[in-house]
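Shown next: coords_6.tsv, given as TSV, C-alpha atoms and all ligand atoms.
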```tsv
chain	number	residue	atom	x	y	z
I	1	MET	CA	24.23	-16.79	39.57
I	2	ALA	CA	20.54	-16.21	38.84
I	3	SER	CA	18.24	-16.96	41.75
I	4	VAL	CA	14.93	-18.81	41.49
I	5	SER	CA	13.18	-15.46	41.52
I	6	SER	CA	15.03	-14.05	38.49
I	7	GLY	CA	11.95	-14.33	36.25
I	8	PHE	CA	11.63	-15.88	32.81
I	9	SER	CA	12.04	-14.52	29.31
I	10	LEU	CA	9.73	-16.11	26.74
I	11	ILE	CA	11.19	-16.30	23.23
I	12	THR	CA	8.77	-17.39	20.55
I	13	GLY	CA	10.46	-19.19	17.68
I	14	ALA	CA	13.46	-20.19	19.80
I	15	THR	CA	14.09	-23.39	17.85
I	16	ASP	CA	16.06	-21.78	15.05
I	17	GLY	CA	17.83	-18.68	13.78
I	18	ILE	CA	17.89	-15.44	15.73
I	19	GLY	CA	15.50	-16.65	18.45
I	20	ARG	CA	17.67	-19.63	19.25
I	21	HIS	CA	20.82	-17.51	19.34
I	22	THR	CA	19.10	-14.96	21.62
I	23	ALA	CA	18.06	-17.79	23.96
I	24	ARG	CA	21.70	-18.90	24.15
I	25	ARG	CA	22.86	-15.39	25.00
I	26	LEU	CA	20.24	-15.02	27.74
I	27	VAL	CA	21.10	-18.36	29.33
I	28	GLU	CA	24.81	-17.58	29.20
I	29	CYS	CA	24.25	-14.47	31.28
I	30	GLY	CA	22.00	-16.19	33.82
I	31	LYS	CA	18.55	-15.25	32.49
I	32	SER	CA	15.94	-18.00	32.76
I	33	VAL	CA	14.30	-18.82	29.43
I	34	VAL	CA	11.09	-20.34	28.15
I	35	ALA	CA	11.99	-21.56	24.67
I	36	HIS	CA	8.99	-21.83	22.37
I	37	GLY	CA	8.64	-23.75	19.12
I	38	ARG	CA	6.03	-25.50	17.00
I	39	ASP	CA	7.73	-28.88	16.86
I	40	ASP	CA	8.24	-31.18	19.88
I	41	ALA	CA	11.56	-32.62	18.74
I	42	LYS	CA	13.04	-29.20	17.92
I	43	VAL	CA	11.94	-27.81	21.30
I	44	ASP	CA	13.46	-30.81	23.11
I	45	ASP	CA	16.66	-30.24	21.18
I	46	VAL	CA	16.96	-26.53	22.04
I	47	VAL	CA	16.09	-27.17	25.70
I	48	ARG	CA	18.86	-29.79	25.90
I	49	GLU	CA	21.33	-27.36	24.32
I	50	LEU	CA	20.37	-24.50	26.64
I	51	GLU	CA	20.48	-26.69	29.77
I	52	ALA	CA	23.95	-27.89	28.81
I	53	LEU	CA	25.03	-24.28	28.27
I	54	ALA	CA	23.64	-23.20	31.65
I	55	ALA	CA	25.50	-26.07	33.34
I	56	GLN	CA	28.73	-25.37	31.46
I	57	LYS	CA	28.63	-21.65	32.27
I	58	GLY	CA	27.31	-22.22	35.81
I	59	SER	CA	24.91	-19.39	35.03
I	60	GLY	CA	22.05	-20.69	37.19
I	61	ALA	CA	19.55	-20.01	34.41
I	62	MET	CA	16.47	-22.20	34.34
I	63	VAL	CA	15.29	-23.52	30.98
I	64	ARG	CA	11.80	-24.64	29.99
I	65	GLY	CA	10.33	-25.61	26.64
I	66	VAL	CA	6.78	-25.05	25.33
I	67	VAL	CA	5.21	-26.18	22.07
I	68	SER	CA	2.42	-24.49	20.17
I	69	ASP	CA	1.69	-23.66	16.55
I	70	LEU	CA	1.14	-19.92	16.17
I	71	ALA	CA	-0.74	-20.22	12.88
I	72	THR	CA	-4.06	-20.01	14.73
I	73	VAL	CA	-5.58	-17.84	17.43
I	74	SER	CA	-6.23	-20.98	19.49
I	75	GLY	CA	-2.52	-21.86	19.21
I	76	ALA	CA	-1.53	-18.42	20.51
I	77	ARG	CA	-4.09	-18.68	23.31
I	78	ALA	CA	-2.79	-22.15	24.22
I	79	LEU	CA	0.77	-20.82	24.34
I	80	ALA	CA	-0.21	-18.06	26.77
I	81	GLY	CA	-1.75	-20.68	29.08
I	82	LEU	CA	1.28	-22.96	28.86
I	83	VAL	CA	3.64	-20.09	29.60
I	84	ARG	CA	1.62	-18.97	32.62
I	85	GLU	CA	1.77	-22.48	34.11
I	86	THR	CA	5.46	-22.80	33.29
I	87	VAL	CA	6.68	-19.58	34.87
I	88	GLU	CA	4.45	-19.74	37.94
I	89	SER	CA	6.97	-21.58	40.08
I	90	GLY	CA	9.98	-19.66	38.78
I	91	GLY	CA	9.48	-15.99	39.52
I	92	GLY	CA	7.01	-15.12	36.75
I	93	LEU	CA	7.45	-13.61	33.30
I	94	GLU	CA	9.74	-10.61	32.91
I	95	ALA	CA	10.24	-10.45	29.14
I	96	LEU	CA	8.37	-11.42	25.99
I	97	TYR	CA	10.21	-11.69	22.68
I	98	ASN	CA	7.65	-11.80	19.84
I	99	ASN	CA	10.28	-13.29	17.55
I	100	ALA	CA	8.61	-16.23	15.72
I	101	GLY	CA	7.96	-15.42	12.10
I	102	VAL	CA	7.56	-16.85	8.63
I	103	PHE	CA	8.39	-15.91	5.07
I	104	MET	CA	6.04	-17.97	2.91
I	105	LYS	CA	8.08	-18.72	-0.19
I	106	GLY	CA	5.80	-20.11	-2.90
I	107	ALA	CA	2.06	-20.13	-3.14
I	108	TYR	CA	-0.60	-18.66	-0.85
I	109	VAL	CA	-1.21	-20.81	2.24
I	110	GLU	CA	-4.40	-20.42	4.24
I	111	THR	CA	-4.54	-21.30	7.93
I	112	VAL	CA	-7.44	-23.26	9.42
I	113	ASP	CA	-8.68	-19.88	10.75
I	114	GLY	CA	-8.95	-18.73	7.12
I	115	ARG	CA	-6.03	-16.28	7.23
I	116	GLU	CA	-3.01	-15.86	5.02
I	117	MET	CA	-0.19	-17.64	6.91
I	118	THR	CA	2.26	-14.68	7.12
I	119	PHE	CA	-0.38	-12.38	8.58
I	120	ALA	CA	-1.50	-15.11	11.01
I	121	VAL	CA	1.93	-16.00	12.42
I	122	ASN	CA	3.72	-12.65	12.16
I	123	VAL	CA	0.92	-10.32	13.30
I	124	VAL	CA	-2.20	-11.99	14.72
I	125	ALA	CA	-0.34	-14.37	17.04
I	126	PRO	CA	1.85	-11.65	18.69
I	127	TYR	CA	-1.24	-9.48	19.23
I	128	VAL	CA	-3.04	-12.35	21.01
I	129	LEU	CA	-0.02	-13.53	22.99
I	130	THR	CA	0.91	-10.05	24.18
I	131	GLY	CA	-2.64	-9.24	25.22
I	132	LEU	CA	-2.98	-12.43	27.20
I	133	LEU	CA	0.43	-12.16	28.90
I	134	MET	CA	0.36	-8.43	29.64
I	135	GLY	CA	-1.07	-8.96	33.13
I	136	ASP	CA	1.65	-11.50	33.92
I	137	LEU	CA	4.39	-9.10	32.82
I	138	VAL	CA	2.97	-6.30	34.95
I	139	LYS	CA	2.52	-8.63	37.95
I	140	ARG	CA	6.17	-9.64	37.70
I	141	ALA	CA	7.24	-5.98	37.50
I	142	ARG	CA	5.25	-5.14	40.62
I	143	GLU	CA	6.71	-8.07	42.53
I	144	SER	CA	10.31	-7.54	41.45
I	145	GLY	CA	10.36	-3.75	41.42
I	146	ARG	CA	11.92	-3.90	37.93
I	147	LYS	CA	10.31	-3.14	34.61
I	148	SER	CA	9.16	-6.00	32.40
I	149	SER	CA	9.63	-5.77	28.63
I	150	VAL	CA	8.05	-6.72	25.32
I	151	LEU	CA	10.09	-6.84	22.11
I	152	ASN	CA	8.17	-7.00	18.83
I	153	VAL	CA	10.38	-8.17	16.00
I	154	ALA	CA	9.76	-6.15	12.84
I	155	SER	CA	12.22	-5.61	9.97
I	156	ILE	CA	13.89	-3.02	7.76
I	157	SER	CA	11.88	-4.79	5.05
I	158	ALA	CA	8.68	-3.34	6.54
I	159	SER	CA	6.57	-1.62	3.88
I	160	PRO	CA	6.20	2.17	4.30
I	161	ARG	CA	2.43	1.86	4.75
I	162	ILE	CA	-0.14	-0.79	5.58
I	163	ASP	CA	-2.31	-1.81	2.64
I	164	PHE	CA	-5.50	-2.62	4.54
I	165	GLU	CA	-7.19	-3.76	1.33
I	166	ASN	CA	-4.62	-6.56	0.98
I	167	ILE	CA	-3.75	-7.30	4.60
I	168	ASN	CA	-4.91	-10.89	4.30
I	169	ALA	CA	-3.84	-11.19	0.64
I	170	GLU	CA	-7.40	-10.38	-0.45
I	171	LYS	CA	-6.30	-8.79	-3.75
I	172	MET	CA	-3.16	-10.79	-4.47
I	173	PHE	CA	-0.47	-12.82	-2.72
I	174	SER	CA	3.25	-12.26	-3.02
I	175	ALA	CA	5.64	-13.73	-0.48
I	176	HIS	CA	7.72	-10.56	-0.17
I	177	GLY	CA	4.65	-8.33	-0.21
I	178	SER	CA	2.93	-10.22	2.60
I	179	TYR	CA	6.13	-10.36	4.62
I	180	SER	CA	6.83	-6.60	4.28
I	181	LEU	CA	3.26	-5.77	5.15
I	182	SER	CA	3.37	-8.04	8.22
I	183	LYS	CA	6.47	-6.26	9.47
I	184	ALA	CA	4.89	-2.82	8.94
I	185	CYS	CA	2.05	-4.17	11.07
I	186	MET	CA	4.50	-5.19	13.82
I	187	LYS	CA	5.91	-1.65	13.97
I	188	ALA	CA	2.41	-0.16	14.02
I	189	PHE	CA	1.24	-2.67	16.64
I	190	SER	CA	4.22	-1.85	18.82
I	191	TYR	CA	3.75	1.92	18.57
I	192	GLU	CA	0.05	1.60	19.32
I	193	LEU	CA	0.78	-0.69	22.27
I	194	PHE	CA	3.19	1.89	23.67
I	195	ASP	CA	0.74	4.76	23.08
I	196	ARG	CA	-1.98	2.85	24.92
I	197	LEU	CA	0.45	2.10	27.72
I	198	ALA	CA	1.41	5.77	27.98
I	199	ALA	CA	-2.27	6.75	28.01
I	200	GLY	CA	-2.98	4.35	30.89
I	201	LYS	CA	-5.32	2.21	28.77
I	202	LEU	CA	-3.84	-1.23	29.50
I	203	CYS	CA	-4.57	-3.70	32.33
I	204	ASN	CA	-7.20	-1.27	33.63
I	205	GLY	CA	-4.47	1.32	33.98
I	206	ASP	CA	-2.16	-0.96	35.99
I	207	ALA	CA	0.29	-1.28	33.10
I	208	THR	CA	2.30	1.93	32.82
I	209	VAL	CA	5.45	3.18	31.15
I	210	ASP	CA	7.06	2.81	34.57
I	211	ASN	CA	6.50	-0.95	34.82
I	212	LEU	CA	6.56	-2.06	31.17
I	213	ASN	CA	8.85	-1.39	28.20
I	214	VAL	CA	7.50	-1.84	24.68
I	215	PHE	CA	10.12	-2.08	21.96
I	216	SER	CA	10.23	-3.11	18.34
I	217	CYS	CA	13.28	-3.80	16.24
I	218	ASP	CA	14.90	-4.88	13.07
I	219	PRO	CA	17.07	-7.73	14.39
I	220	GLY	CA	19.76	-7.33	11.71
I	221	THR	CA	20.10	-9.07	8.36
I	222	VAL	CA	21.07	-12.56	9.40
I	223	ASN	CA	21.78	-15.71	7.39
I	224	THR	CA	18.95	-17.80	8.83
I	225	LYS	CA	16.81	-20.24	6.89
I	226	MET	CA	14.27	-17.44	6.43
I	227	LEU	CA	16.78	-15.05	4.87
I	228	LEU	CA	18.23	-17.79	2.67
I	229	ALA	CA	14.74	-18.69	1.41
I	230	GLY	CA	13.74	-15.14	0.51
I	231	TRP	CA	16.80	-13.01	-0.04
I	232	GLY	CA	19.86	-15.28	-0.20
I	233	ARG	CA	23.04	-15.25	1.87
I	234	CYS	CA	23.43	-11.48	2.26
I	235	GLY	CA	23.60	-11.09	6.04
I	236	ILE	CA	25.75	-11.67	9.09
I	237	GLU	CA	26.07	-15.14	10.60
I	238	ILE	CA	23.64	-16.26	13.30
I	239	PHE	CA	26.27	-16.21	16.06
I	240	GLU	CA	26.72	-12.48	15.36
I	241	ALA	CA	22.99	-11.65	15.64
I	242	ASN	CA	23.05	-9.94	19.03
I	243	ASP	CA	20.65	-7.04	18.51
I	244	GLN	CA	17.63	-8.60	20.27
I	245	PHE	CA	19.78	-9.48	23.26
I	246	ASP	CA	21.48	-6.09	23.32
I	247	ILE	CA	18.21	-4.15	23.14
I	248	MET	CA	16.50	-6.13	25.87
I	249	VAL	CA	19.42	-6.75	28.21
I	250	SER	CA	22.44	-4.53	27.74
I	251	ASP	CA	21.16	-1.19	26.47
I	252	ILE	CA	17.78	-1.16	28.14
I	253	GLU	CA	19.05	-2.06	31.57
I	254	LYS	CA	21.29	0.97	31.27
I	255	ASN	CA	18.65	3.41	30.09
I	256	SER	CA	15.16	2.00	30.09
I	257	VAL	CA	13.15	5.18	30.44
I	258	ASP	CA	14.44	7.12	27.45
I	259	PHE	CA	14.07	4.23	25.02
I	260	ASN	CA	10.59	3.04	25.96
I	261	GLY	CA	8.37	2.85	22.86
I	262	CYS	CA	11.28	2.90	20.41
I	263	TYR	CA	11.89	0.99	17.21
I	264	PHE	CA	15.55	-0.09	16.99
I	265	VAL	CA	17.78	-0.69	13.98
I	266	GLY	CA	21.30	-1.94	14.63
I	267	ALA	CA	20.27	-1.95	18.31
I	268	ALA	CA	20.07	1.86	18.12
I	269	PRO	CA	16.77	3.65	18.79
I	270	MET	CA	15.24	5.30	15.74
I	271	LYS	CA	13.38	8.58	15.70
I	272	ARG	CA	9.69	7.80	15.37
I	273	SER	CA	8.62	8.41	11.78
I	274	SER	CA	5.21	9.30	10.46
I	275	ALA	CA	4.81	5.96	8.67
I	276	PRO	CA	2.84	3.83	9.36
I	277	GLY	CA	1.29	6.71	11.32
I	278	ASP	CA	-1.24	7.09	14.07
I	279	ALA	CA	-4.27	6.48	11.89
I	280	ASP	CA	-2.83	3.22	10.59
I	281	GLN	CA	-1.94	2.15	14.12
I	282	ALA	CA	-5.44	2.71	15.41
I	283	ARG	CA	-7.00	1.09	12.34
I	284	LEU	CA	-4.75	-1.97	12.68
I	285	TRP	CA	-5.57	-2.32	16.37
I	286	ALA	CA	-9.31	-2.20	15.66
I	287	LEU	CA	-8.88	-4.78	12.92
I	288	LEU	CA	-6.94	-7.11	15.24
I	289	GLU	CA	-9.61	-6.75	17.90
I	290	ARG	CA	-12.26	-7.77	15.36
I	291	GLU	CA	-10.18	-10.59	13.86
I	292	THR	CA	-9.28	-12.18	17.19
I	293	LYS	CA	-12.25	-11.14	19.35
I	294	LEU	CA	-9.62	-10.23	21.94
I	295	VAL	CA	-9.94	-6.77	23.46
I	296	TYR	CA	-7.05	-5.73	25.72
I	297	VAL	CA	-8.30	-4.47	29.06
S	301	LIG	N1	16.92	-13.21	9.32
S	301	LIG	C1	16.81	-11.93	9.04
S	301	LIG	O1	17.64	-11.35	8.33
S	301	LIG	C2	15.66	-11.13	9.59
S	301	LIG	C3	15.60	-9.76	9.26
S	301	LIG	C4	14.55	-9.01	9.77
S	301	LIG	C5	13.61	-9.60	10.60
S	301	LIG	N2	13.70	-10.94	10.88
S	301	LIG	C6	12.70	-11.50	11.79
S	301	LIG	O2	13.37	-12.16	12.85
S	301	LIG	C7	12.53	-13.19	13.39
S	301	LIG	C8	13.31	-14.50	13.43
S	301	LIG	O3	13.57	-14.88	12.08
S	301	LIG	P1	14.77	-15.86	11.65
S	301	LIG	O4	15.43	-15.20	10.53
S	301	LIG	O5	15.54	-16.28	12.84
S	301	LIG	O6	13.92	-17.07	11.05
S	301	LIG	P2	13.99	-18.66	11.27
S	301	LIG	O7	15.39	-19.11	11.42
S	301	LIG	O8	13.17	-19.24	10.18
S	301	LIG	O9	13.26	-18.86	12.68
S	301	LIG	C9	11.88	-18.60	12.80
S	301	LIG	C10	11.37	-19.21	14.08
S	301	LIG	O10	9.93	-19.07	14.11
S	301	LIG	C11	9.34	-20.36	14.27
S	301	LIG	N3	8.03	-20.46	13.63
S	301	LIG	C12	7.74	-20.33	12.32
S	301	LIG	N4	6.43	-20.57	12.10
S	301	LIG	C13	5.87	-20.84	13.30
S	301	LIG	C14	4.56	-21.20	13.71
S	301	LIG	N5	3.54	-21.34	12.85
S	301	LIG	N6	4.34	-21.43	15.03
S	301	LIG	C15	5.35	-21.35	15.90
S	301	LIG	N7	6.63	-21.02	15.57
S	301	LIG	C16	6.88	-20.78	14.27
S	301	LIG	C17	10.34	-21.29	13.61
S	301	LIG	O11	10.11	-22.65	13.98
S	301	LIG	P3	10.86	-23.86	13.18
S	301	LIG	O12	12.21	-23.99	13.82
S	301	LIG	O13	9.98	-25.03	13.43
S	301	LIG	O14	10.94	-23.45	11.73
S	301	LIG	C18	11.64	-20.72	14.15
S	301	LIG	O15	11.84	-21.11	15.49
S	301	LIG	C19	11.31	-13.24	12.45
S	301	LIG	O16	10.25	-12.51	13.04
S	301	LIG	C20	11.80	-12.54	11.21
S	301	LIG	O17	10.74	-12.01	10.45
S	301	LIG	C21	14.70	-11.70	10.40
```
Render the structure in this file as structure tokens.
Ligand SMILES: NC(=O)c1ccc[n+]([C@@H]2O[C@H](COP(=O)([O-])OP(=O)(O)OC[C@H]3O[C@@H](n4cnc5c(N)ncnc54)[C@H](OP(=O)(O)O)[C@@H]3O)[C@@H](O)[C@H]2O)c1
Amino acid sequence: MASVSSGFSLITGATDGIGRHTARRLVECGKSVVAHGRDDAKVDDVVRELEALAAQKGSGAMVRGVVSDLATVSGARALAGLVRETVESGGGLEALYNNAGVFMKGAYVETVDGREMTFAVNVVAPYVLTGLLMGDLVKRARESGRKSSVLNVASISASPRIDFENINAEKMFSAHGSYSLSKACMKAFSYELFDRLAAGKLCNGDATVDNLNVFSCDPGTVNTKMLLAGWGRCGIEIFEANDQFDIMVSDIEKNSVDFNGCYFVGAAPMKRSSAPGDADQARLWALLERETKLVYV
């Protein structure tokens, strides 16, 4: 049974698809979960399902729900605040799954912040959320004596390089192009986050590779509503989509040091490739700082 001090895992986009399945897996094994979504009714629904599962399994997991639209920087900031309040009385935050994502089938959609929607939800929001919750993850690690973890969900569809001239669909919009570019950004963001962690540049040097894991992954090709909209039914079923859970819970708990900083495919760590490359990482980070006016300290 999980105790009150087991710490929470935040899963963004836990109302559907892979995020929802990952939340189920965590609750089944006694991990407390904050399930995030953008729609009140869908969050209520997943919280009810997870609470019933915790009761049925007797896992002792606590379940909370939070609602925020990640299309804007203010939405990501609001989510960080909500999560902080939510986990305060339950042992803090031990894991962040940057899972929420969109594939924008159809025409270009601009957010109220003036960004292309895919870039806003898939890249800008995780950057803001991670930066604002980093201190909470490190605090939890210090208090528990166990490493906290961040998982940035990328994709095997990630483009080989980041086209900075079209990052916000400045030249042209294509749904697949924007999606692939956003996932290349998630890999680059994750590598840069790890490099900064390793260099002692985060949380005034308090965040280290010894108290925080930074992972990215392709979560498998899974028949979710996103895959069906963009690629058709060419994947595994949602109940089989265990990679996020395996990376963060099973494999990492066995061998957290060696895998820190890795990008995983099929829940196996990949050798770090040159693409998107250090220069792209640093350039993306600087761009995100400018776009969001959030500088990690
Ligand atoms: N499925 C695949 O084969 C595959 C492959 C590689 C990578 N991925 C990645 O895996 C992650 C999960 O994707 P999925 O396939 O499970 O997709 P999904 O079933 O469409 O789920 C996406 C989740 O993100 C939420 N979301 C979307 N826009 C949001 C916004 N503006 N604010 C807050 N939440 C928002 C959705 O909320 P609603 O429930 O309200 O829609 C949903 O909970 C994504 O990052 C995706 O890019 C998926």
Worksheet item: Do you know which residues lie at most 9 Å from (23.8, -15.5, 15.9), with coordinates as in the file and only C-alpha atoms counted, and could you write them as a PyMOL selection string?
Response: chain I and resi 17-22+222-224+236-242
Could you write out the selected residues, including C-alpha atoms, as a PDB file, in the frame of the given file?
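The resulting selection.pdb:
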```
ATOM      1  CA  GLY I  17      17.830 -18.680  13.780  1.00  0.00           C
ATOM      2  CA  ILE I  18      17.890 -15.440  15.730  1.00  0.00           C
ATOM      3  CA  GLY I  19      15.500 -16.650  18.450  1.00  0.00           C
ATOM      4  CA  ARG I  20      17.670 -19.630  19.250  1.00  0.00           C
ATOM      5  CA  HIS I  21      20.820 -17.510  19.340  1.00  0.00           C
ATOM      6  CA  THR I  22      19.100 -14.960  21.620  1.00  0.00           C
ATOM      7  CA  VAL I 222      21.070 -12.560   9.400  1.00  0.00           C
ATOM      8  CA  ASN I 223      21.780 -15.710   7.390  1.00  0.00           C
ATOM      9  CA  THR I 224      18.950 -17.800   8.830  1.00  0.00           C
ATOM     10  CA  ILE I 236      25.750 -11.670   9.090  1.00  0.00           C
ATOM     11  CA  GLU I 237      26.070 -15.140  10.600  1.00  0.00           C
ATOM     12  CA  ILE I 238      23.640 -16.260  13.300  1.00  0.00           C
ATOM     13  CA  PHE I 239      26.270 -16.210  16.060  1.00  0.00           C
ATOM     14  CA  GLU I 240      26.720 -12.480  15.360  1.00  0.00           C
ATOM     15  CA  ALA I 241      22.990 -11.650  15.640  1.00  0.00           C
ATOM     16  CA  ASN I 242      23.050  -9.940  19.030  1.00  0.00           C
TER      17      ASN I 242
END
```
Worksheet item: When the cut-off is 7 Å and you count only C-alpha atoms and all ligand atoms, which residues lie near ligand LIG 301 (chain S), shown as an MDAnalysis selection string?
Response: chainID I and resid 12:19 37:39 42 68:71 99:102 121:122 153:157 218:227 235
Item to complete: Quote the spacing between atom CA of Leu10 of chain I and atom CA of Ile162 of chain I in Å to one decimal place.
Response: 27.9 Å
Worksheet entry | Between atom CA of Ser148 of chain I and atom CA of Leu212 of chain I - distance in Å to one decimal |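 These atoms are spaced 4.9 Å apart.
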Worksheet item: Skipping near chain neighbours, those fewer than 4 positions away, what residues fall within 10 Å of Val63 of chain I using only C-alpha atoms, listed as a VMD selection string?
Response: chain I and resid 8 to 9 23 27 31 to 35 46 to 52 54
Fill in: Atomic separation - atom CA of Gly266 of chain I relative to atom CA of Ala76 of chain I, Å
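Computed distance, atom CA of Ala76 of chain I to atom CA of Gly266 of chain I, equals 28.8 Å.
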Item to complete: Could you pull out every residue with an atom within 9 Å of (0.2, -14.3, 7.1), file coordinates, counting all atoms listed in the file, and send them as number ranges by chain?
Response: I: 71, 102-104, 109-111, 115-124, 167-169, 178-179, 182
Item to complete: Can you pull out every residue within 9 Å of Ala158 of chain I, counting all atoms listed in the file, but drop anything in the same chain fewer than 4 positions away, and send it as a VMD selection string?
Response: chain I and resid 154 179 to 187
Worksheet item: Between I:Thr86, I:Asn211, I:Val73, I:Phe164, which is the closest to Val138 of chain I once you count all atoms listed in the file?
Response: I:Asn211
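Using only C-alpha atoms, the nearest neighbour of Ala175 of chain I within the list I:Leu137, I:Leu288, I:Arg196, I:Ala229 is I:Ala229.
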Worksheet item: Of the candidates I:Val214, I:Arg161, I:Asn98, I:Met62, which shows the shortest atom-to-atom distance to Cys29 of chain I, using all atoms listed in the file?
Response: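 The closest residue to Cys29 of chain I is I:Met62.
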Practice prompt. Considering only C-alpha atoms, state which residue in the set I:Cys203, I:Ala267, I:Val209, I:Val87 is at the smallest distance from Val295 of chain I.
Written response: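 Among the listed residues, I:Cys203 lies closest to Val295 of chain I.
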Worksheet entry | Neighbour list for Lys201 of chain I as JSON, numbers by chain, cut-off 12 Å, all atoms listed in the file, skip fewer than 5 positions in-chain | {"I": [192, 193, 194, 195, 196, 206, 207, 208, 209, 295, 296, 297]}
